[in-house]
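Content type PDB, C-alpha atoms, pLDDT in the B column, from the file data.pdb:
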```pdb
ATOM      1  CA  MET G   1      18.779  -2.845  20.790  1.00 62.00           C
ATOM      2  CA  SER G   2      17.388  -3.719  24.194  1.00 75.00           C
ATOM      3  CA  GLU G   3      13.841  -3.413  22.765  1.00 83.00           C
ATOM      4  CA  ILE G   4      14.645  -6.186  20.318  1.00 86.00           C
ATOM      5  CA  TYR G   5      15.976  -8.421  23.086  1.00 87.00           C
ATOM      6  CA  ASN G   6      12.510  -8.303  24.682  1.00 88.00           C
ATOM      7  CA  ILE G   7      11.198 -10.003  21.532  1.00 88.00           C
ATOM      8  CA  ILE G   8      14.090 -12.234  20.446  1.00 90.00           C
ATOM      9  CA  ASP G   9      16.637 -14.008  22.609  1.00 89.00           C
ATOM     10  CA  LYS G  10      19.985 -12.192  22.341  1.00 91.00           C
ATOM     11  CA  LYS G  11      21.810 -15.489  21.783  1.00 91.00           C
ATOM     12  CA  LYS G  12      19.796 -16.090  18.611  1.00 90.00           C
ATOM     13  CA  LEU G  13      20.826 -12.697  17.230  1.00 90.00           C
ATOM     14  CA  ASP G  14      24.471 -12.931  18.287  1.00 91.00           C
ATOM     15  CA  ILE G  15      24.951 -15.972  16.012  1.00 90.00           C
ATOM     16  CA  VAL G  16      24.729 -13.656  13.000  1.00 90.00           C
ATOM     17  CA  SER G  17      27.904 -11.824  14.103  1.00 91.00           C
ATOM     18  CA  LYS G  18      30.028 -14.962  14.594  1.00 91.00           C
ATOM     19  CA  PRO G  19      32.733 -16.014  12.106  1.00 92.00           C
ATOM     20  CA  ILE G  20      31.276 -17.270   8.845  1.00 90.00           C
ATOM     21  CA  SER G  21      31.994 -20.903   9.708  1.00 90.00           C
ATOM     22  CA  GLU G  22      29.755 -20.629  12.789  1.00 89.00           C
ATOM     23  CA  ALA G  23      27.218 -18.013  11.741  1.00 89.00           C
ATOM     24  CA  HIS G  24      23.823 -18.472  10.186  1.00 88.00           C
ATOM     25  CA  GLY G  25      20.912 -16.260   9.225  1.00 90.00           C
ATOM     26  CA  LEU G  26      18.532 -14.299  11.369  1.00 91.00           C
ATOM     27  CA  PRO G  27      16.057 -16.260  13.486  1.00 91.00           C
ATOM     28  CA  ASN G  28      12.524 -16.787  12.198  1.00 91.00           C
ATOM     29  CA  GLU G  29      11.144 -14.186  14.608  1.00 89.00           C
ATOM     30  CA  CYS G  30      12.833 -11.474  12.546  1.00 90.00           C
ATOM     31  CA  TYR G  31      10.592 -12.378   9.618  1.00 91.00           C
ATOM     32  CA  ASN G  32       7.272 -13.100  11.269  1.00 92.00           C
ATOM     33  CA  SER G  33       7.113 -10.882  14.376  1.00 91.00           C
ATOM     34  CA  LYS G  34       5.033  -7.732  14.013  1.00 91.00           C
ATOM     35  CA  GLU G  35       6.789  -6.208  17.039  1.00 92.00           C
ATOM     36  CA  TYR G  36      10.217  -6.833  15.481  1.00 91.00           C
ATOM     37  CA  THR G  37       9.068  -5.301  12.188  1.00 88.00           C
ATOM     38  CA  LEU G  38       7.908  -2.135  13.954  1.00 88.00           C
ATOM     39  CA  ILE G  39      11.236  -1.729  15.751  1.00 89.00           C
ATOM     40  CA  GLU G  40      13.188  -2.455  12.565  1.00 87.00           C
ATOM     41  CA  ARG G  41      11.118   0.072  10.598  1.00 85.00           C
ATOM     42  CA  LYS G  42      11.756   2.729  13.218  1.00 85.00           C
ATOM     43  CA  LYS G  43      15.519   2.053  13.396  1.00 85.00           C
ATOM     44  CA  LEU G  44      16.068   1.884   9.641  1.00 83.00           C
ATOM     45  CA  PHE G  45      13.626   4.319   8.091  1.00 81.00           C
ATOM     46  CA  GLU G  46      12.024   6.773  10.459  1.00 80.00           C
ATOM     47  CA  ASP G  47      14.661   9.513  10.558  1.00 80.00           C
ATOM     48  CA  LYS G  48      16.542   8.940   7.293  1.00 84.00           C
ATOM     49  CA  TRP G  49      16.071   9.747   3.633  1.00 86.00           C
ATOM     50  CA  ILE G  50      15.000   6.742   1.572  1.00 86.00           C
ATOM     51  CA  VAL G  51      15.268   6.330  -2.197  1.00 90.00           C
ATOM     52  CA  ILE G  52      11.868   5.250  -3.469  1.00 91.00           C
ATOM     53  CA  GLY G  53      12.288   5.891  -7.171  1.00 91.00           C
ATOM     54  CA  VAL G  54      14.105   7.737  -9.899  1.00 92.00           C
ATOM     55  CA  GLY G  55      13.004  10.757 -11.895  1.00 92.00           C
ATOM     56  CA  SER G  56      13.222   8.867 -15.184  1.00 94.00           C
ATOM     57  CA  SER G  57      10.265   6.708 -14.099  1.00 94.00           C
ATOM     58  CA  ILE G  58       8.048   9.826 -14.229  1.00 96.00           C
ATOM     59  CA  PRO G  59       9.663  11.891 -17.025  1.00 96.00           C
ATOM     60  CA  ASP G  60       6.713  14.051 -18.095  1.00 96.00           C
ATOM     61  CA  GLU G  61       4.411  16.457 -16.291  1.00 95.00           C
ATOM     62  CA  GLY G  62       1.393  14.658 -14.900  1.00 96.00           C
ATOM     63  CA  ASP G  63       3.187  11.322 -14.639  1.00 97.00           C
ATOM     64  CA  VAL G  64       2.374   9.514 -11.392  1.00 97.00           C
ATOM     65  CA  LYS G  65       3.691   6.336  -9.834  1.00 97.00           C
ATOM     66  CA  PRO G  66       2.163   4.803  -6.697  1.00 97.00           C
ATOM     67  CA  ILE G  67       4.447   2.779  -4.448  1.00 96.00           C
ATOM     68  CA  ASP G  68       4.101   1.008  -1.143  1.00 94.00           C
ATOM     69  CA  LEU G  69       6.874   1.593   1.382  1.00 89.00           C
ATOM     70  CA  LEU G  70       6.489  -0.880   4.243  1.00 81.00           C
ATOM     71  CA  GLY G  71       2.714  -0.589   4.144  1.00 85.00           C
ATOM     72  CA  ILE G  72       2.688   3.187   3.633  1.00 90.00           C
ATOM     73  CA  PRO G  73       0.992   4.124   0.343  1.00 96.00           C
ATOM     74  CA  LEU G  74       3.008   6.865  -1.374  1.00 96.00           C
ATOM     75  CA  LEU G  75       2.620   8.633  -4.704  1.00 97.00           C
ATOM     76  CA  ILE G  76       5.469  10.048  -6.777  1.00 97.00           C
ATOM     77  CA  VAL G  77       4.249  12.911  -8.998  1.00 97.00           C
ATOM     78  CA  ARG G  78       5.837  15.035 -11.740  1.00 97.00           C
ATOM     79  CA  THR G  79       4.201  18.467 -11.391  1.00 96.00           C
ATOM     80  CA  LYS G  80       3.387  20.968 -14.133  1.00 94.00           C
ATOM     81  CA  ASN G  81       6.598  22.790 -13.173  1.00 94.00           C
ATOM     82  CA  LYS G  82       8.522  19.535 -13.797  1.00 95.00           C
ATOM     83  CA  GLU G  83       9.240  19.121 -10.064  1.00 96.00           C
ATOM     84  CA  ILE G  84       9.085  15.718  -8.406  1.00 96.00           C
ATOM     85  CA  LYS G  85       6.882  15.517  -5.333  1.00 96.00           C
ATOM     86  CA  VAL G  86       5.879  12.642  -3.075  1.00 96.00           C
ATOM     87  CA  PHE G  87       2.595  12.494  -1.182  1.00 95.00           C
ATOM     88  CA  HIS G  88       0.667   9.992   0.875  1.00 95.00           C
ATOM     89  CA  ASN G  89      -1.440   8.210  -1.712  1.00 97.00           C
ATOM     90  CA  ILE G  90      -4.657   8.519   0.264  1.00 95.00           C
ATOM     91  CA  CYS G  91      -7.633  10.841   0.290  1.00 92.00           C
ATOM     92  CA  SER G  92      -7.758  12.935   3.445  1.00 89.00           C
ATOM     93  CA  HIS G  93     -11.525  12.374   3.651  1.00 88.00           C
ATOM     94  CA  ARG G  94     -11.945   8.604   3.916  1.00 84.00           C
ATOM     95  CA  GLY G  95      -8.434   7.217   3.393  1.00 90.00           C
ATOM     96  CA  VAL G  96      -9.086   5.699  -0.041  1.00 93.00           C
ATOM     97  CA  LYS G  97      -6.056   5.283  -2.336  1.00 95.00           C
ATOM     98  CA  LEU G  98      -6.082   8.069  -4.902  1.00 95.00           C
ATOM     99  CA  VAL G  99      -4.011   6.414  -7.630  1.00 96.00           C
ATOM    100  CA  LYS G 100      -3.886   2.660  -8.137  1.00 96.00           C
ATOM    101  CA  ASP G 101      -1.614   2.365 -11.198  1.00 96.00           C
ATOM    102  CA  ALA G 102       1.253   4.320 -12.702  1.00 96.00           C
ATOM    103  CA  GLY G 103       0.151   6.620 -15.502  1.00 96.00           C
ATOM    104  CA  LYS G 104      -0.576  10.178 -16.472  1.00 97.00           C
ATOM    105  CA  ILE G 105      -2.852  12.633 -14.678  1.00 94.00           C
ATOM    106  CA  ARG G 106      -3.978  15.691 -16.626  1.00 91.00           C
ATOM    107  CA  ASN G 107      -5.028  18.102 -13.919  1.00 90.00           C
ATOM    108  CA  VAL G 108      -6.476  16.399 -10.850  1.00 93.00           C
ATOM    109  CA  MET G 109      -6.305  13.232  -8.807  1.00 93.00           C
ATOM    110  CA  ARG G 110      -9.867  12.366  -7.858  1.00 92.00           C
ATOM    111  CA  CYS G 111     -10.870  10.049  -5.031  1.00 91.00           C
ATOM    112  CA  SER G 112     -13.153   7.278  -6.227  1.00 91.00           C
ATOM    113  CA  TYR G 113     -15.206   7.403  -3.018  1.00 87.00           C
ATOM    114  CA  HIS G 114     -16.614  10.961  -2.800  1.00 88.00           C
ATOM    115  CA  SER G 115     -14.670  12.662  -5.623  1.00 89.00           C
ATOM    116  CA  TRP G 116     -12.511  14.842  -3.424  1.00 88.00           C
ATOM    117  CA  SER G 117      -9.869  16.156  -5.805  1.00 91.00           C
ATOM    118  CA  TYR G 118      -6.224  17.171  -5.518  1.00 93.00           C
ATOM    119  CA  ASP G 119      -4.005  19.017  -7.974  1.00 95.00           C
ATOM    120  CA  LEU G 120      -0.536  17.797  -8.939  1.00 95.00           C
ATOM    121  CA  GLU G 121       0.944  19.869  -6.096  1.00 94.00           C
ATOM    122  CA  GLY G 122      -1.090  17.818  -3.587  1.00 92.00           C
ATOM    123  CA  LYS G 123      -3.465  20.688  -2.819  1.00 92.00           C
ATOM    124  CA  LEU G 124      -7.069  19.742  -2.037  1.00 91.00           C
ATOM    125  CA  ILE G 125      -9.074  21.642  -4.658  1.00 89.00           C
ATOM    126  CA  ALA G 126     -12.571  20.136  -4.622  1.00 84.00           C
ATOM    127  CA  THR G 127     -14.854  18.772  -1.909  1.00 85.00           C
ATOM    128  CA  PRO G 128     -18.152  17.963  -3.635  1.00 80.00           C
ATOM    129  CA  HIS G 129     -21.302  18.239  -1.524  1.00 74.00           C
ATOM    130  CA  ILE G 130     -19.387  18.875   1.715  1.00 72.00           C
ATOM    131  CA  GLY G 131     -22.032  21.373   2.818  1.00 67.00           C
ATOM    132  CA  GLY G 132     -25.009  19.361   1.526  1.00 70.00           C
ATOM    133  CA  MET G 133     -26.436  18.555  -1.878  1.00 75.00           C
ATOM    134  CA  ASN G 134     -24.768  20.779  -4.509  1.00 75.00           C
ATOM    135  CA  ILE G 135     -23.010  22.825  -1.805  1.00 67.00           C
ATOM    136  CA  HIS G 136     -19.292  22.319  -2.349  1.00 70.00           C
ATOM    137  CA  GLN G 137     -17.948  24.571   0.426  1.00 74.00           C
ATOM    138  CA  THR G 138     -18.783  25.267   4.026  1.00 76.00           C
ATOM    139  CA  PRO G 139     -17.316  27.771   6.490  1.00 73.00           C
ATOM    140  CA  GLU G 140     -16.667  24.959   8.973  1.00 72.00           C
ATOM    141  CA  PHE G 141     -14.169  23.286   6.642  1.00 67.00           C
ATOM    142  CA  ASP G 142     -10.931  24.874   5.460  1.00 69.00           C
ATOM    143  CA  LYS G 143      -9.452  22.980   2.481  1.00 68.00           C
ATOM    144  CA  THR G 144      -6.044  24.529   3.066  1.00 74.00           C
ATOM    145  CA  LYS G 145      -5.707  22.690   6.384  1.00 69.00           C
ATOM    146  CA  LYS G 146      -6.126  19.234   4.867  1.00 60.00           C
TER     147      LYS G 146
END
```

Using the file provided, produce a representation of the structure as structure tokens.
Amino acid sequence: MSEIYNIIDKKKLDIVSKPISEAHGLPNECYNSKEYTLIERKKLFEDKWIVIGVGSSIPDEGDVKPIDLLGIPLLIVRTKNKEIKVFHNICSHRGVKLVKDAGKIRNVMRCSYHSWSYDLEGKLIATPHIGGMNIHQTPEFDKTKK
């Protein structure tokens, strides 16, 4: 908590814990301070499981649902084996969002920037022209490490 007291006066926060007749809500800094938000995110979310959806929202294989969790783009996917997986919803090449809207993906999620493609298991399966025009592989790049 001492980190928070460097951002917000302790007296302002202590008011929240007073009896209901004396208490009032959190100070404005809790809602508009980037530093406070970073500390709050770390305390609440960094080392805990978080529910971000339910399986019924992606009932069939190939169903995908993008979500944003505190500015982190995530993608919930129902695989061909009917498993539910969650990935960062970004291309490892240039950071473009892979899926913008909920829907169904047949076989691959393709980046709109350079067409890097991922299967429903999150595996990078295509890197067009990575080695030059019409050269889709290069020894200097290992797709399994992305």

Mind checking which residues fall within 10 Å of Lys80 in chain G, counting all atoms listed in the file, ignoring those fewer than 2 positions away in the same chain, and posting them as a list in words?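 Once the nearby chain positions are removed, what remains is Asp60, Glu61, Gly62, Asp63, Val77, Arg78, Lys82, Glu83, Ile84, Arg106, Asn107, Asp119, Leu120 and Glu121 of chain G.
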
Picked residues, the PyMOL selection byres ((chain G and resi 71) around 12), as a PyMOL selection string: chain G and resi 37-38+41+67-70+72-74+88-89

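Nearest residue to Lys34 in chain G, choosing from G:Ile4, G:Leu13, G:Glu22, G:Ser56 and counting all atoms listed in the file: G:Ile4.
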
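Reported to one decimal place, the separation of CA of Val99 in chain G from CA of Lys65 in chain G is 8.0 Å.
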
Expanded to explicit residues, what is the PyMOL selection byres ((chain G and resi 86) around 6) for this file, as a PDB file with C-alpha atoms, in the coordinates of the input?
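Result written to selection.pdb:
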```
ATOM      1  CA  LEU G  75       2.620   8.633  -4.704  1.00 97.00           C
ATOM      2  CA  ILE G  76       5.469  10.048  -6.777  1.00 97.00           C
ATOM      3  CA  LYS G  85       6.882  15.517  -5.333  1.00 96.00           C
ATOM      4  CA  PHE G  87       2.595  12.494  -1.182  1.00 95.00           C
TER       5      PHE G  87
END
```

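Note that CA of Thr144 in chain G and CA of Ile90 in chain G are 16.3 Å apart.
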
I'd like the neighbourhood of Lys11 in chain G as number ranges by chain, where a residue qualifies if any of its atoms comes within 12 Å (using all atoms listed in the file), though same-chain residues fewer than 5 positions away should be ignored. G: 4-5, 16-18, 23, 26-27

One number please: CA of Lys123 in chain G to CA of His93 in chain G, in Å, one decimal.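 Distance reported for this atom pair: 13.3 Å.
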
Of the candidates G:Thr127, G:Pro19, G:Gly103, G:Ser117, which one gets nearest to Pro59 in chain G if we count only C-alpha atoms?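 Closest to Pro59 in chain G of all the choices is G:Gly103.
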
Between G:Glu46, G:Glu35, G:Gly25, G:Val64, single out the one closest to Ala102 in chain G, counting only C-alpha atoms.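 Smallest separation from Ala102 in chain G among the options: G:Val64.
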
Rank G:Val54, G:Leu124, G:Ile7, G:Met133 by their smallest atom-to-atom distance to Glu40 in chain G, using all atoms listed in the file, and report the top residue only.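 Once distances to Glu40 in chain G are computed over all atoms listed in the file, the minimum belongs to G:Ile7.
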
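Using only C-alpha atoms, the nearest neighbour of Ile58 in chain G within the list G:Ile125, G:Ser92, G:Thr79, G:Asn6 is G:Thr79.
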